[in-house]
Amino acid sequence: MEINKQLLKDWGDCSEVFKWFLAKFPQGADYAEVSNALREEKRYGDSHWLNTNAFSSLFKDPAQISDFVKNDVARSIE
């Protein structure tokens with residue numbers, strides 16, 4: 001799942017997460033990269049917010065679940 005500026009706006013991000021994201025990933029990034037970066041920086045509340053919104057988004061569009069799992073498996077094999 002690609003996380004980008006527009007997606008965060010659609011999710012109703014808080015300005016703190018939005019500022020952090022733009023500074024860290026100005027071109028956007030894969031969900032796993034963003035999630036890992038949040039945890040590495042001990043931004044656990046923001047990580048929870050990201051997880052909640054990402055998985056809610058997947059449940060609204062089940063076709064995305066397959067792509068999400070395929071990408072996650074591919075990353076774990078690399």
# chains A, B, ... in the order shown; residues from 1 in each chain; ligands from 1

call {"tool": "residues_around", "arguments": {"residues": "A:Gln27", "least_positions_apart": "5", "cutoff": "12 Å", "atoms": "only C-alpha atoms", "output": "VMD selection string"}}
result
chain A and resid 2 to 6 21 to 22 34

call {"tool": "residues_around", "arguments": {"residues": "stretch 51-53 of chain A", "least_positions_apart": "4", "cutoff": "9 Å", "atoms": "only C-alpha atoms", "output": "ChimeraX atom specification"}}
result
/A:11,31,35,46-47,57-58

call {"tool": "write_last_selection", "arguments": {"atoms": "N, CA, C and O atoms", "output": "PDB file, in the first residue's frame"}}
result
ATOM      1  N   TRP A  11      -7.550  10.522   4.919  1.00  0.00           N
ATOM      2  CA  TRP A  11      -7.760   9.880   6.212  1.00  0.00           C
ATOM      3  C   TRP A  11      -7.973  10.890   7.327  1.00  0.00           C
ATOM      4  O   TRP A  11      -8.235  10.509   8.469  1.00  0.00           O
ATOM      5  N   TYR A  31       3.679   1.386   2.809  1.00  0.00           N
ATOM      6  CA  TYR A  31       3.147   1.293   4.169  1.00  0.00           C
ATOM      7  C   TYR A  31       4.194   0.775   5.152  1.00  0.00           C
ATOM      8  O   TYR A  31       4.366   1.339   6.229  1.00  0.00           O
ATOM      9  N   SER A  35       5.465   2.653   8.459  1.00  0.00           N
ATOM     10  CA  SER A  35       5.188   2.023   9.744  1.00  0.00           C
ATOM     11  C   SER A  35       6.479   1.769  10.521  1.00  0.00           C
ATOM     12  O   SER A  35       6.559   2.066  11.723  1.00  0.00           O
ATOM     13  N   ASP A  46       1.230   7.512  16.656  1.00  0.00           N
ATOM     14  CA  ASP A  46       1.090   7.746  15.216  1.00  0.00           C
ATOM     15  C   ASP A  46       1.110   6.427  14.446  1.00  0.00           C
ATOM     16  O   ASP A  46       0.404   6.278  13.451  1.00  0.00           O
ATOM     17  N   SER A  47       1.898   5.472  14.922  1.00  0.00           N
ATOM     18  CA  SER A  47       1.938   4.152  14.299  1.00  0.00           C
ATOM     19  C   SER A  47       0.569   3.481  14.415  1.00  0.00           C
ATOM     20  O   SER A  47       0.075   2.882  13.452  1.00  0.00           O
ATOM     21  N   SER A  57      -8.934   0.939   5.498  1.00  0.00           N
ATOM     22  CA  SER A  57      -8.961   1.163   4.055  1.00  0.00           C
ATOM     23  C   SER A  57      -8.979  -0.161   3.297  1.00  0.00           C
ATOM     24  O   SER A  57      -9.711  -0.328   2.321  1.00  0.00           O
ATOM     25  N   LEU A  58      -8.184  -1.123   3.759  1.00  0.00           N
ATOM     26  CA  LEU A  58      -8.150  -2.435   3.107  1.00  0.00           C
ATOM     27  C   LEU A  58      -9.488  -3.152   3.214  1.00  0.00           C
ATOM     28  O   LEU A  58      -9.938  -3.790   2.262  1.00  0.00           O
TER      29      LEU A  58
END

call {"tool": "select_by_dssp", "arguments": {"residues": "chain A", "states": "helix (DSSP H, G or I)", "output": "number ranges by chain"}}
result
A: 5-10, 15-24, 31-40, 44-60, 63-77
